[in-house]
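Quick look at protein_29.cif (mmCIF, C-alpha atoms):
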data_upload
#
loop_
_atom_site.group_PDB
_atom_site.id
_atom_site.type_symbol
_atom_site.label_atom_id
_atom_site.label_comp_id
_atom_site.auth_asym_id
_atom_site.auth_seq_id
_atom_site.Cartn_x
_atom_site.Cartn_y
_atom_site.Cartn_z
ATOM 1 C CA MET B 1 0.000 0.000 0.000
ATOM 2 C CA MET B 2 2.788 2.415 0.998
ATOM 3 C CA ASN B 3 4.739 1.449 -2.130
ATOM 4 C CA LEU B 4 1.676 2.042 -4.242
ATOM 5 C CA ILE B 5 1.234 5.566 -2.861
ATOM 6 C CA ILE B 6 4.906 6.397 -3.518
ATOM 7 C CA LEU B 7 4.609 5.009 -7.042
ATOM 8 C CA LEU B 8 1.456 7.068 -7.685
ATOM 9 C CA ALA B 9 3.227 10.194 -6.394
ATOM 10 C CA VAL B 10 6.127 9.551 -8.783
ATOM 11 C CA VAL B 11 3.744 9.133 -11.721
ATOM 12 C CA VAL B 12 1.889 12.343 -10.799
ATOM 13 C CA ALA B 13 5.251 14.136 -10.710
ATOM 14 C CA ALA B 14 6.054 12.687 -14.142
ATOM 15 C CA GLY B 15 2.811 14.192 -15.420
ATOM 16 C CA ALA B 16 3.896 17.594 -14.109
ATOM 17 C CA VAL B 17 7.297 17.166 -15.797
ATOM 18 C CA LEU B 18 5.546 16.227 -19.023
ATOM 19 C CA SER B 19 3.487 19.399 -19.040
ATOM 20 C CA VAL B 20 6.609 21.512 -18.411
ATOM 21 C CA GLN B 21 8.203 19.752 -21.372
ATOM 22 C CA ALA B 22 5.106 20.369 -23.497
ATOM 23 C CA ALA B 23 5.238 24.078 -22.652
ATOM 24 C CA ILE B 24 8.931 24.365 -23.564
ATOM 25 C CA ASN B 25 8.544 22.321 -26.758
ATOM 26 C CA GLY B 26 5.421 24.206 -27.778
ATOM 27 C CA ARG B 27 7.427 27.418 -27.755
ATOM 28 C CA LEU B 28 10.292 25.733 -29.613
ATOM 29 C CA GLY B 29 7.924 24.238 -32.212
ATOM 30 C CA GLU B 30 6.526 27.677 -33.005
ATOM 31 C CA THR B 31 9.951 29.009 -33.930
ATOM 32 C CA VAL B 32 11.700 26.057 -35.626
ATOM 33 C CA GLY B 33 8.769 23.860 -36.741
ATOM 34 C CA VAL B 34 7.316 20.700 -35.210
ATOM 35 C CA LEU B 35 9.599 18.263 -37.057
ATOM 36 C CA ARG B 36 12.789 19.950 -35.931
ATOM 37 C CA SER B 37 11.665 20.503 -32.354
ATOM 38 C CA SER B 38 10.578 16.841 -32.094
ATOM 39 C CA LEU B 39 13.841 15.613 -33.584
ATOM 40 C CA LEU B 40 15.772 17.695 -31.076
ATOM 41 C CA THR B 41 13.698 16.280 -28.196
ATOM 42 C CA PHE B 42 14.166 12.698 -29.351
ATOM 43 C CA VAL B 43 17.893 12.998 -30.058
ATOM 44 C CA VAL B 44 18.622 14.668 -26.711
ATOM 45 C CA GLY B 45 16.448 12.016 -25.060
ATOM 46 C CA ALA B 46 18.257 9.163 -26.815
ATOM 47 C CA VAL B 47 21.722 10.546 -26.063
ATOM 48 C CA SER B 48 21.014 11.221 -22.374
ATOM 49 C CA THR B 49 19.374 7.802 -21.936
ATOM 50 C CA GLY B 50 22.389 6.214 -23.661
ATOM 51 C CA LEU B 51 24.747 7.914 -21.208
ATOM 52 C CA LEU B 52 22.671 6.737 -18.240
ATOM 53 C CA ILE B 53 22.693 3.156 -19.581
ATOM 54 C CA LEU B 54 26.437 3.207 -20.096
ATOM 55 C CA PHE B 55 27.165 4.231 -16.522
ATOM 56 C CA PHE B 56 24.255 2.982 -14.419
ATOM 57 C CA GLU B 57 22.257 0.198 -16.046
ATOM 58 C CA PRO B 58 23.074 -3.306 -14.717
ATOM 59 C CA ALA B 59 23.524 -6.071 -17.299
ATOM 60 C CA HIS B 60 20.410 -7.968 -18.385
ATOM 61 C CA ALA B 61 20.125 -11.500 -19.712
ATOM 62 C CA VAL B 62 17.812 -10.305 -22.505
ATOM 63 C CA SER B 63 18.718 -7.409 -24.847
ATOM 64 C CA LEU B 64 16.566 -5.256 -27.125
ATOM 65 C CA LEU B 65 17.683 -7.387 -30.074
ATOM 66 C CA ASP B 66 16.376 -10.605 -28.468
ATOM 67 C CA VAL B 67 12.771 -9.586 -27.837
ATOM 68 C CA PRO B 68 10.061 -10.064 -30.498
ATOM 69 C CA LYS B 69 10.169 -7.162 -32.959
ATOM 70 C CA TRP B 70 6.608 -6.012 -32.303
ATOM 71 C CA GLN B 71 7.666 -5.090 -28.780
ATOM 72 C CA LEU B 72 9.885 -2.379 -30.266
ATOM 73 C CA SER B 73 7.097 -0.648 -32.188
ATOM 74 C CA GLY B 74 6.148 1.752 -29.349
ATOM 75 C CA ALA B 75 7.915 4.752 -30.871
ATOM 76 C CA LEU B 76 5.845 4.454 -34.059
ATOM 77 C CA PHE B 77 2.677 5.173 -32.098
ATOM 78 C CA GLY B 78 4.296 8.235 -30.579
ATOM 79 C CA VAL B 79 5.342 9.626 -33.956
ATOM 80 C CA VAL B 80 1.904 8.953 -35.506
ATOM 81 C CA TYR B 81 0.284 10.667 -32.509
ATOM 82 C CA MET B 82 2.468 13.717 -33.025
ATOM 83 C CA MET B 83 1.594 13.980 -36.706
ATOM 84 C CA VAL B 84 -2.142 13.528 -36.135
ATOM 85 C CA MET B 85 -2.086 16.275 -33.500
ATOM 86 C CA VAL B 86 -0.176 18.667 -35.751
ATOM 87 C CA GLY B 87 -2.845 18.186 -38.402
ATOM 88 C CA ALA B 88 -5.903 18.098 -36.157
ATOM 89 C CA VAL B 89 -5.323 20.724 -33.449
ATOM 90 C CA PRO B 90 -5.647 23.764 -35.747
ATOM 91 C CA ARG B 91 -8.870 22.320 -37.204
ATOM 92 C CA VAL B 92 -10.756 20.993 -34.157
ATOM 93 C CA GLY B 93 -9.179 23.199 -31.485
ATOM 94 C CA ALA B 94 -6.708 22.279 -28.745
ATOM 95 C CA ALA B 95 -9.335 21.642 -26.041
ATOM 96 C CA VAL B 96 -11.445 19.242 -28.106
ATOM 97 C CA ALA B 97 -8.340 17.449 -29.375
ATOM 98 C CA THR B 98 -7.028 17.029 -25.822
ATOM 99 C CA VAL B 99 -10.291 15.553 -24.586
ATOM 100 C CA ALA B 100 -10.455 13.190 -27.583
ATOM 101 C CA VAL B 101 -6.895 12.003 -26.919
ATOM 102 C CA ILE B 102 -7.665 11.338 -23.261
ATOM 103 C CA VAL B 103 -10.824 9.431 -24.161
ATOM 104 C CA GLY B 104 -8.792 7.242 -26.519
ATOM 105 C CA GLN B 105 -5.972 6.809 -23.990
ATOM 106 C CA LEU B 106 -8.203 5.766 -21.120
ATOM 107 C CA GLY B 107 -10.499 3.587 -23.222
ATOM 108 C CA MET B 108 -7.578 1.700 -24.717
ATOM 109 C CA GLY B 109 -5.816 1.611 -21.349
ATOM 110 C CA MET B 110 -8.828 -0.060 -19.742
ATOM 111 C CA LEU B 111 -9.044 -2.584 -22.582
ATOM 112 C CA ILE B 112 -5.365 -3.520 -22.320
ATOM 113 C CA ASP B 113 -5.596 -3.759 -18.522
ATOM 114 C CA ASN B 114 -8.797 -5.779 -18.526
ATOM 115 C CA PHE B 115 -7.668 -8.355 -21.076
ATOM 116 C CA GLY B 116 -3.945 -8.271 -20.268
ATOM 117 C CA TRP B 117 -3.010 -7.518 -23.880
ATOM 118 C CA LEU B 118 0.602 -7.058 -25.079
ATOM 119 C CA GLY B 119 1.964 -9.167 -22.234
ATOM 120 C CA ASN B 120 0.626 -6.938 -19.455
ATOM 121 C CA PRO B 121 -0.802 -8.346 -16.222
ATOM 122 C CA ALA B 122 -4.612 -8.452 -16.471
ATOM 123 C CA ILE B 123 -6.333 -6.079 -14.049
ATOM 124 C CA GLU B 124 -10.061 -6.597 -14.016
ATOM 125 C CA LEU B 125 -12.423 -3.649 -14.217
ATOM 126 C CA SER B 126 -13.562 -3.051 -10.631
ATOM 127 C CA GLY B 127 -16.214 -0.765 -9.169
ATOM 128 C CA SER B 128 -13.638 1.699 -7.875
ATOM 129 C CA ARG B 129 -11.859 1.783 -11.257
ATOM 130 C CA ILE B 130 -15.130 2.666 -12.987
ATOM 131 C CA LEU B 131 -15.828 5.310 -10.356
ATOM 132 C CA ALA B 132 -12.338 6.752 -10.916
ATOM 133 C CA MET B 133 -13.120 7.019 -14.638
ATOM 134 C CA VAL B 134 -16.398 8.808 -13.885
ATOM 135 C CA CYS B 135 -14.552 11.327 -11.684
ATOM 136 C CA LEU B 136 -12.055 11.909 -14.462
ATOM 137 C CA GLY B 137 -14.782 12.331 -17.058
ATOM 138 C CA LEU B 138 -16.445 14.996 -14.903
ATOM 139 C CA ALA B 139 -13.090 16.688 -14.354
ATOM 140 C CA LEU B 140 -12.624 16.907 -18.126
ATOM 141 C CA VAL B 141 -16.070 18.464 -18.517
ATOM 142 C CA PHE B 142 -15.192 21.173 -15.980
ATOM 143 C CA MET B 143 -11.792 21.824 -17.539
ATOM 144 C CA TYR B 144 -13.338 22.054 -20.978
ATOM 145 C CA ARG B 145 -15.978 24.518 -19.749
ATOM 146 C CA SER B 146 -13.445 26.734 -18.003
ATOM 147 C CA SER B 147 -11.143 26.761 -21.044
ATOM 148 C CA THR B 148 -13.913 27.699 -23.470
ATOM 149 C CA ARG B 149 -15.055 30.521 -21.201
ATOM 150 C CA GLN B 150 -11.543 31.950 -21.002
ATOM 151 C CA ALA B 151 -11.191 31.833 -24.778
ATOM 152 C CA MET I 1 4.422 35.199 -30.583
ATOM 153 C CA GLN I 2 1.906 35.171 -27.789
ATOM 154 C CA SER I 3 -0.960 36.228 -30.023
ATOM 155 C CA ALA I 4 0.041 33.733 -32.707
ATOM 156 C CA SER I 5 -0.267 30.821 -30.287
ATOM 157 C CA ILE I 6 -3.668 31.999 -29.098
ATOM 158 C CA ASP I 7 -4.872 32.215 -32.691
ATOM 159 C CA ILE I 8 -3.973 28.582 -33.234
ATOM 160 C CA ALA I 9 -5.583 27.470 -29.986
ATOM 161 C CA VAL I 10 -9.008 29.024 -30.508
ATOM 162 C CA LYS I 11 -9.366 28.905 -34.289
ATOM 163 C CA PRO I 12 -12.853 27.444 -34.805
ATOM 164 C CA ALA I 13 -13.544 24.459 -37.040
ATOM 165 C CA ILE I 14 -14.264 25.555 -40.574
ATOM 166 C CA LYS I 15 -16.432 22.628 -41.610
ATOM 167 C CA PRO I 16 -18.369 20.609 -39.033
ATOM 168 C CA GLY I 17 -18.165 17.547 -41.296
ATOM 169 C CA LEU I 18 -14.386 17.636 -41.435
ATOM 170 C CA ARG I 19 -14.281 18.063 -37.691
ATOM 171 C CA LEU I 20 -16.398 14.945 -37.157
ATOM 172 C CA MET I 21 -14.119 12.972 -39.460
ATOM 173 C CA LEU I 22 -11.022 14.127 -37.626
ATOM 174 C CA LEU I 23 -12.236 13.247 -34.138
ATOM 175 C CA PRO I 24 -12.078 9.437 -34.535
ATOM 176 C CA LEU I 25 -8.551 9.887 -35.895
ATOM 177 C CA VAL I 26 -7.542 11.892 -32.816
ATOM 178 C CA ILE I 27 -9.155 9.280 -30.539
ATOM 179 C CA LEU I 28 -7.204 6.573 -32.379
ATOM 180 C CA ALA I 29 -4.004 8.552 -31.879
ATOM 181 C CA GLY I 30 -4.780 8.684 -28.154
ATOM 182 C CA MET I 31 -5.358 4.920 -28.144
ATOM 183 C CA GLY I 32 -1.926 4.582 -29.730
ATOM 184 C CA LEU I 33 -0.380 6.314 -26.721
ATOM 185 C CA SER I 34 -1.835 3.644 -24.440
ATOM 186 C CA VAL I 35 -0.572 0.913 -26.752
ATOM 187 C CA GLU I 36 2.869 2.529 -26.546
ATOM 188 C CA ALA I 37 2.689 2.505 -22.731
ATOM 189 C CA GLY I 38 1.397 -1.077 -22.861
ATOM 190 C CA LEU I 39 4.400 -2.144 -24.934
ATOM 191 C CA LEU I 40 6.862 -0.304 -22.690
ATOM 192 C CA GLY I 41 5.974 -1.949 -19.372
ATOM 193 C CA PRO I 42 6.686 -5.596 -20.312
ATOM 194 C CA LEU I 43 9.679 -4.522 -22.425
ATOM 195 C CA GLY I 44 11.178 -2.703 -19.422
ATOM 196 C CA VAL I 45 10.755 -5.785 -17.242
ATOM 197 C CA GLN I 46 12.601 -7.904 -19.828
ATOM 198 C CA VAL I 47 15.487 -5.701 -20.972
ATOM 199 C CA GLY I 48 15.619 -2.989 -18.267
ATOM 200 C CA HIS I 49 13.755 0.314 -17.973
ATOM 201 C CA LEU I 50 16.495 2.468 -19.479
ATOM 202 C CA TRP I 51 16.915 0.168 -22.466
ATOM 203 C CA ALA I 52 13.168 0.263 -23.081
ATOM 204 C CA THR I 53 13.343 4.064 -22.911
ATOM 205 C CA LEU I 54 16.254 4.081 -25.361
ATOM 206 C CA SER I 55 14.204 2.006 -27.800
ATOM 207 C CA ILE I 56 11.550 4.752 -27.867
ATOM 208 C CA PHE I 57 13.962 7.649 -28.273
ATOM 209 C CA GLY I 58 16.305 5.812 -30.609
ATOM 210 C CA VAL I 59 13.608 4.665 -33.035
ATOM 211 C CA GLY I 60 11.837 8.039 -32.776
ATOM 212 C CA SER I 61 15.064 9.909 -33.564
ATOM 213 C CA ALA I 62 15.751 7.725 -36.578
ATOM 214 C CA ILE I 63 12.241 8.142 -38.026
ATOM 215 C CA LEU I 64 12.165 11.899 -37.428
ATOM 216 C CA PHE I 65 15.628 12.295 -38.934
ATOM 217 C CA LEU I 66 14.462 10.569 -42.129
ATOM 218 C CA LEU I 67 11.232 12.578 -42.244
ATOM 219 C CA LEU I 68 13.178 15.798 -41.834
ATOM 220 C CA LEU I 69 15.744 14.804 -44.437
ATOM 221 C CA PHE I 70 13.056 14.214 -47.060
ATOM 222 C CA SER I 71 10.800 17.130 -46.195
ATOM 223 C CA GLY I 72 13.264 19.677 -47.514
ATOM 224 C CA ARG I 73 14.432 22.968 -46.136
ATOM 225 C CA GLN I 74 12.829 24.050 -42.861
ATOM 226 C CA LYS I 75 12.135 27.638 -41.934
ATOM 227 C CA GLY I 76 13.140 29.253 -38.678
ATOM 228 C CA PRO I 77 16.466 29.843 -36.937
ATOM 229 C CA ALA I 78 19.198 27.219 -36.463
ATOM 230 C CA PHE I 79 19.320 25.402 -33.117
ATOM 231 C CA GLY I 80 22.534 27.230 -32.263
ATOM 232 C CA GLU I 81 20.717 30.582 -32.384
ATOM 233 C CA LEU I 82 17.966 29.589 -29.946
ATOM 234 C CA PRO I 83 18.038 30.456 -26.239
ATOM 235 C CA ARG I 84 19.665 27.546 -24.352
ATOM 236 C CA TRP I 85 16.758 26.905 -22.005
ATOM 237 C CA GLN I 86 14.492 26.036 -24.917
ATOM 238 C CA LEU I 87 16.666 22.989 -25.584
ATOM 239 C CA ILE I 88 16.215 21.326 -22.169
ATOM 240 C CA GLY I 89 12.837 19.808 -23.064
ATOM 241 C CA GLY I 90 14.777 16.818 -24.364
ATOM 242 C CA PHE I 91 15.955 15.900 -20.869
ATOM 243 C CA LEU I 92 12.430 15.875 -19.460
ATOM 244 C CA GLY I 93 10.994 13.395 -21.972
ATOM 245 C CA PRO I 94 13.121 10.414 -20.827
ATOM 246 C CA MET I 95 12.080 10.986 -17.193
ATOM 247 C CA TYR I 96 8.478 10.581 -18.226
ATOM 248 C CA VAL I 97 9.116 7.447 -20.298
ATOM 249 C CA VAL I 98 11.189 5.772 -17.552
ATOM 250 C CA VAL I 99 8.372 6.372 -15.071
ATOM 251 C CA LEU I 100 5.900 4.875 -17.568
ATOM 252 C CA THR I 101 7.892 1.656 -17.849
ATOM 253 C CA LEU I 102 8.276 1.496 -14.051
ATOM 254 C CA ALA I 103 4.643 2.112 -13.189
ATOM 255 C CA THR I 104 2.490 0.290 -15.747
ATOM 256 C CA PRO I 105 3.312 -3.274 -14.590
ATOM 257 C CA HIS I 106 2.204 -2.339 -11.058
ATOM 258 C CA ILE I 107 -0.828 -0.084 -11.429
ATOM 259 C CA GLY I 108 -1.935 -0.787 -14.999
ATOM 260 C CA ILE I 109 -2.094 1.487 -18.022
ATOM 261 C CA ALA I 110 -5.408 3.248 -17.422
ATOM 262 C CA MET I 111 -4.441 4.201 -13.899
ATOM 263 C CA THR I 112 -0.977 5.358 -14.955
ATOM 264 C CA MET I 113 -2.655 7.638 -17.480
ATOM 265 C CA ILE I 114 -4.978 9.091 -14.831
ATOM 266 C CA ALA I 115 -2.024 9.795 -12.533
ATOM 267 C CA ILE I 116 -0.102 11.455 -15.374
ATOM 268 C CA LEU I 117 -3.124 13.572 -16.193
ATOM 269 C CA SER I 118 -3.546 14.697 -12.587
ATOM 270 C CA GLY I 119 0.088 15.789 -12.544
ATOM 271 C CA GLN I 120 -0.455 17.817 -15.714
ATOM 272 C CA VAL I 121 -3.619 19.502 -14.453
ATOM 273 C CA GLY I 122 -2.310 19.989 -10.928
ATOM 274 C CA LYS I 123 0.869 21.609 -12.182
ATOM 275 C CA SER I 124 -0.957 24.128 -14.348
ATOM 276 C CA VAL I 125 -3.515 25.009 -11.657
ATOM 277 C CA LEU I 126 -0.860 25.446 -8.942
ATOM 278 C CA ILE I 127 1.485 27.448 -11.183
ATOM 279 C CA ASP I 128 -1.330 29.814 -12.132
ATOM 280 C CA HIS I 129 -2.552 30.131 -8.553
ATOM 281 C CA PHE I 130 0.773 30.718 -6.796
ATOM 282 C CA GLY I 131 2.643 32.246 -9.724
ATOM 283 C CA TRP I 132 5.519 29.742 -9.519
ATOM 284 C CA PHE I 133 8.475 29.757 -11.955
ATOM 285 C CA GLY I 134 7.962 33.436 -12.663
ATOM 286 C CA ALA I 135 4.504 32.948 -14.153
ATOM 287 C CA THR I 136 2.092 35.837 -13.675
ATOM 288 C CA ARG I 137 -0.236 35.056 -10.804
ATOM 289 C CA LYS I 138 -3.715 34.407 -12.148
ATOM 290 C CA LYS I 139 -6.944 33.721 -10.372
ATOM 291 C CA VAL I 140 -7.825 30.059 -10.987
ATOM 292 C CA ASN I 141 -11.542 29.785 -11.485
ATOM 293 C CA PHE I 142 -13.811 27.548 -9.448
ATOM 294 C CA GLU I 143 -14.304 24.997 -12.231
ATOM 295 C CA ARG I 144 -10.610 24.209 -12.530
ATOM 296 C CA TRP I 145 -10.299 23.671 -8.777
ATOM 297 C CA LEU I 146 -13.298 21.348 -8.980
ATOM 298 C CA ALA I 147 -11.643 19.471 -11.849
ATOM 299 C CA LEU I 148 -8.458 19.075 -9.795
ATOM 300 C CA LEU I 149 -10.484 17.849 -6.805
ATOM 301 C CA LEU I 150 -12.215 15.236 -8.971
ATOM 302 C CA ILE I 151 -8.896 14.034 -10.353
ATOM 303 C CA VAL I 152 -7.481 13.668 -6.836
ATOM 304 C CA ALA I 153 -10.621 11.708 -5.920
ATOM 305 C CA ALA I 154 -9.950 9.447 -8.903
ATOM 306 C CA LEU I 155 -6.378 8.912 -7.663
ATOM 307 C CA VAL I 156 -7.590 7.987 -4.173
ATOM 308 C CA LEU I 157 -9.998 5.479 -5.733
ATOM 309 C CA ILE I 158 -7.118 3.900 -7.661
ATOM 310 C CA ALA I 159 -4.897 3.712 -4.591
ATOM 311 C CA ARG I 160 -7.653 1.866 -2.736
ATOM 312 C CA GLY I 161 -7.888 -0.611 -5.600
#

Represent the structure of the file as structure tokens.
Amino acid sequence: MMNLIILLAVVVAAGAVLSVQAAINGRLGETVGVLRSSLLTFVVGAVSTGLLILFFEPAHAVSLLDVPKWQLSGALFGVVYMMVMVGAVPRVGAAVATVAVIVGQLGMGMLIDNFGWLGNPAIELSGSRILAMVCLGLALVFMYRSSTRQA
Amino acid sequence: MQSASIDIAVKPAIKPGLRLMLLPLVILAGMGLSVEAGLLGPLGVQVGHLWATLSIFGVGSAILFLLLLFSGRQKGPAFGELPRWQLIGGFLGPMYVVVLTLATPHIGIAMTMIAILSGQVGKSVLIDHFGWFGATRKKVNFERWLALLLIVAALVLIARG
């Protein structure tokens, strides 16, 4: 239980970090274009992760080259996401696009969890999980309303 | 620059039909993000969390490099002419991906996404309210506080299982 709370706190902090990154990259994308700002983010990310691996990562019995190839396809989804957003945000608006992304994320997340797809441990849909989703849905409604009023 | 970004954010949809066609595509893109997280967790368990993170950034870099190479000359200043702080976004991305690979095997993908979202919302509400990081202090309206409260409630529900 204690571990779970610490883990949740770390993930919440990661969300905060992500939104700081989005703010910085948004500014960068405006000046140099989305492709170049994304490339910069990915290259810096790859280089810094490589350095960390070199000095801190313990050896593993299995390497990236040994796992089934489909397990390496994660980055493709990220790149497709980026391109869809670049095309869609100016046309449907940032708020609507954000809500649509979250709906897709959570819906798919629940499916993967419930059925244990892609080699994940199956976590059955419980009453409290559904209630958590309802809370989140309401939160999105309020955020959407406050953002449209400000605009 | 400020006004340009606002223009993009609030530009209304030109054709309602086009907008309806785009929405399923955006939802699919969001589903892709969960698939990405779903791939990362088991991969991290097998090869190590940092290696899994490297797979994302390495493959992403390679694809973007090729896209950029074939899309011709880009406008805007060279990276060397930009203010340094705008380049640090690249260090923040890996933190997020490492946490994804660490967390999903334990709390599941949907719940990881909710926690991430609460961090994003919480950060923006708190920064606006207290004026942290040199942001101008803004009054956060009642609805955004309510949204934050609901997200925290969702987190508590997850923690209780």

Just so the selection is clear, what residues does the PyMOL selection byres ((chain B and resi 117-119) around 10) cover here, as a PDB file with C-alpha atoms, in the coordinates of the input?
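Output below, filename selection22.pdb:
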ATOM      1  CA  TRP B  70       6.608  -6.012 -32.303  1.00  0.00           C
ATOM      2  CA  GLN B  71       7.666  -5.090 -28.780  1.00  0.00           C
ATOM      3  CA  GLY B 109      -5.816   1.611 -21.349  1.00  0.00           C
ATOM      4  CA  LEU B 111      -9.044  -2.584 -22.582  1.00  0.00           C
ATOM      5  CA  ILE B 112      -5.365  -3.520 -22.320  1.00  0.00           C
ATOM      6  CA  ASP B 113      -5.596  -3.759 -18.522  1.00  0.00           C
ATOM      7  CA  ASN B 114      -8.797  -5.779 -18.526  1.00  0.00           C
ATOM      8  CA  PHE B 115      -7.668  -8.355 -21.076  1.00  0.00           C
ATOM      9  CA  GLY B 116      -3.945  -8.271 -20.268  1.00  0.00           C
ATOM     10  CA  ASN B 120       0.626  -6.938 -19.455  1.00  0.00           C
ATOM     11  CA  PRO B 121      -0.802  -8.346 -16.222  1.00  0.00           C
ATOM     12  CA  ALA B 122      -4.612  -8.452 -16.471  1.00  0.00           C
TER      13      ALA B 122
ATOM     14  CA  VAL I  35      -0.572   0.913 -26.752  1.00  0.00           C
ATOM     15  CA  GLU I  36       2.869   2.529 -26.546  1.00  0.00           C
ATOM     16  CA  GLY I  38       1.397  -1.077 -22.861  1.00  0.00           C
ATOM     17  CA  LEU I  39       4.400  -2.144 -24.934  1.00  0.00           C
ATOM     18  CA  LEU I  40       6.862  -0.304 -22.690  1.00  0.00           C
ATOM     19  CA  GLY I  41       5.974  -1.949 -19.372  1.00  0.00           C
ATOM     20  CA  PRO I  42       6.686  -5.596 -20.312  1.00  0.00           C
ATOM     21  CA  LEU I  43       9.679  -4.522 -22.425  1.00  0.00           C
ATOM     22  CA  PRO I 105       3.312  -3.274 -14.590  1.00  0.00           C
TER      23      PRO I 105
END

Selection under test: the PyMOL selection byres ((chain I and resi 151) around 12); residues as a PyMOL selection string: (chain B and resi 12+131-143) or (chain I and resi 111+113-122+144-150+152-158)

Distance of CA of Ile63 in chain I from CA of Tyr81 in chain B, expressed in Å to one decimal place: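 Spanning CA of Tyr81 in chain B to CA of Ile63 in chain I is a straight-line distance of 13.4 Å.
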
Test item: the PyMOL selection byres ((chain I and resi 75-86) around 7) resolved as a count of residues only: 9

For each of B:Val99, B:Met110, B:Met83, B:Pro68, take the minimum atom-to-atom distance to chain I, counting all atoms listed in the file, then give the residue where this is smallest. B:Met110

Set the distance at 10 Å and use all atoms listed in the file: which residues neighbour range 78-80 of chain B once local chain neighbours fewer than 5 positions away are removed? I'd like the list as a list of chain:residue names.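 Answer for this query is B:Ser38, B:Ser73, B:Met85, B:Val86, I:Leu28, I:Ala29, I:Gly30, I:Gly32, I:Leu33, I:Ser34, I:Val35, I:Glu36, I:Ala37, I:Ile56, I:Phe57, I:Val59, I:Gly60, I:Ser61, I:Ile63, I:Leu64.
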
Just how far from CA of Val62 in chain B is CA of Val47 in chain I, in Å to one decimal?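 Straight-line distance from CA of Val47 in chain I to CA of Val62 in chain B works out to 5.4 Å.
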
Go through B:Phe56, B:Gly87, B:Gln21, B:Val47 and flag the residue nearest chain I, using all atoms listed in the file for the distances.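 That would be B:Gln21, the residue with the smallest distance to chain I.
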
In Å, how far is it from CA of Ala9 in chain B to CA of Thr112 in chain I?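 These two atoms are separated by 10.7 Å.
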
Which one is closest to Ala22 in chain B: B:Val34, B:Ala100, B:Met108, B:Val43? Count all atoms listed in the file.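 Comparing B:Val34, B:Ala100, B:Met108, B:Val43 against Ala22 in chain B, the winner is B:Val34.
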
Set the distance at 7 Å and use only C-alpha atoms: which residues neighbour range 18-20 of chain B once local chain neighbours fewer than 2 positions away are removed? I'd like the list as a short mmCIF file (atom, residue, chain, number, x, y, z; two decimals) with C-alpha atoms, in the frame of the given file.
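Result saved to selection.cif:
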data_model
loop_
_atom_site.label_atom_id
_atom_site.label_comp_id
_atom_site.auth_asym_id
_atom_site.auth_seq_id
_atom_site.Cartn_x
_atom_site.Cartn_y
_atom_site.Cartn_z
CA ALA B 14 6.05 12.69 -14.14
CA GLY B 15 2.81 14.19 -15.42
CA ALA B 16 3.90 17.59 -14.11
CA ALA B 22 5.11 20.37 -23.50
CA ALA B 23 5.24 24.08 -22.65
CA ILE B 24 8.93 24.36 -23.56
CA LEU I 92 12.43 15.88 -19.46
CA GLY I 93 10.99 13.40 -21.97
CA TYR I 96 8.48 10.58 -18.23
CA GLN I 120 -0.46 17.82 -15.71
#

N, CA and C atoms for range 112-123 of chain B, written as a PDB file, keeping the file's coordinate frame, could you do that?
ATOM      1  N   ILE B 112      -6.622  -2.783 -22.494  1.00  0.00           N
ATOM      2  CA  ILE B 112      -5.365  -3.520 -22.320  1.00  0.00           C
ATOM      3  C   ILE B 112      -5.281  -4.106 -20.915  1.00  0.00           C
ATOM      4  N   ASP B 113      -5.634  -3.275 -19.912  1.00  0.00           N
ATOM      5  CA  ASP B 113      -5.596  -3.759 -18.522  1.00  0.00           C
ATOM      6  C   ASP B 113      -6.539  -4.945 -18.320  1.00  0.00           C
ATOM      7  N   ASN B 114      -7.767  -4.774 -18.808  1.00  0.00           N
ATOM      8  CA  ASN B 114      -8.797  -5.779 -18.526  1.00  0.00           C
ATOM      9  C   ASN B 114      -8.470  -7.129 -19.156  1.00  0.00           C
ATOM     10  N   PHE B 115      -7.935  -7.094 -20.384  1.00  0.00           N
ATOM     11  CA  PHE B 115      -7.668  -8.355 -21.076  1.00  0.00           C
ATOM     12  C   PHE B 115      -6.204  -8.783 -20.973  1.00  0.00           C
ATOM     13  N   GLY B 116      -5.362  -7.926 -20.384  1.00  0.00           N
ATOM     14  CA  GLY B 116      -3.945  -8.271 -20.268  1.00  0.00           C
ATOM     15  C   GLY B 116      -3.260  -8.381 -21.615  1.00  0.00           C
ATOM     16  N   TRP B 117      -3.621  -7.484 -22.552  1.00  0.00           N
ATOM     17  CA  TRP B 117      -3.010  -7.518 -23.880  1.00  0.00           C
ATOM     18  C   TRP B 117      -1.543  -7.122 -23.824  1.00  0.00           C
ATOM     19  N   LEU B 118      -0.795  -7.460 -24.876  1.00  0.00           N
ATOM     20  CA  LEU B 118       0.602  -7.058 -25.079  1.00  0.00           C
ATOM     21  C   LEU B 118       1.514  -7.560 -23.966  1.00  0.00           C
ATOM     22  N   GLY B 119       1.104  -8.617 -23.279  1.00  0.00           N
ATOM     23  CA  GLY B 119       1.964  -9.167 -22.234  1.00  0.00           C
ATOM     24  C   GLY B 119       1.862  -8.457 -20.893  1.00  0.00           C
ATOM     25  N   ASN B 120       0.812  -7.619 -20.738  1.00  0.00           N
ATOM     26  CA  ASN B 120       0.626  -6.938 -19.455  1.00  0.00           C
ATOM     27  C   ASN B 120      -0.184  -7.804 -18.505  1.00  0.00           C
ATOM     28  N   PRO B 121       0.026  -7.615 -17.174  1.00  0.00           N
ATOM     29  CA  PRO B 121      -0.802  -8.346 -16.222  1.00  0.00           C
ATOM     30  C   PRO B 121      -2.258  -7.877 -16.335  1.00  0.00           C
ATOM     31  N   ALA B 122      -3.204  -8.823 -16.352  1.00  0.00           N
ATOM     32  CA  ALA B 122      -4.612  -8.452 -16.471  1.00  0.00           C
ATOM     33  C   ALA B 122      -5.115  -7.876 -15.154  1.00  0.00           C
ATOM     34  N   ILE B 123      -5.721  -6.696 -15.226  1.00  0.00           N
ATOM     35  CA  ILE B 123      -6.333  -6.079 -14.049  1.00  0.00           C
ATOM     36  C   ILE B 123      -7.806  -5.902 -14.367  1.00  0.00           C
TER      37      ILE B 123
END
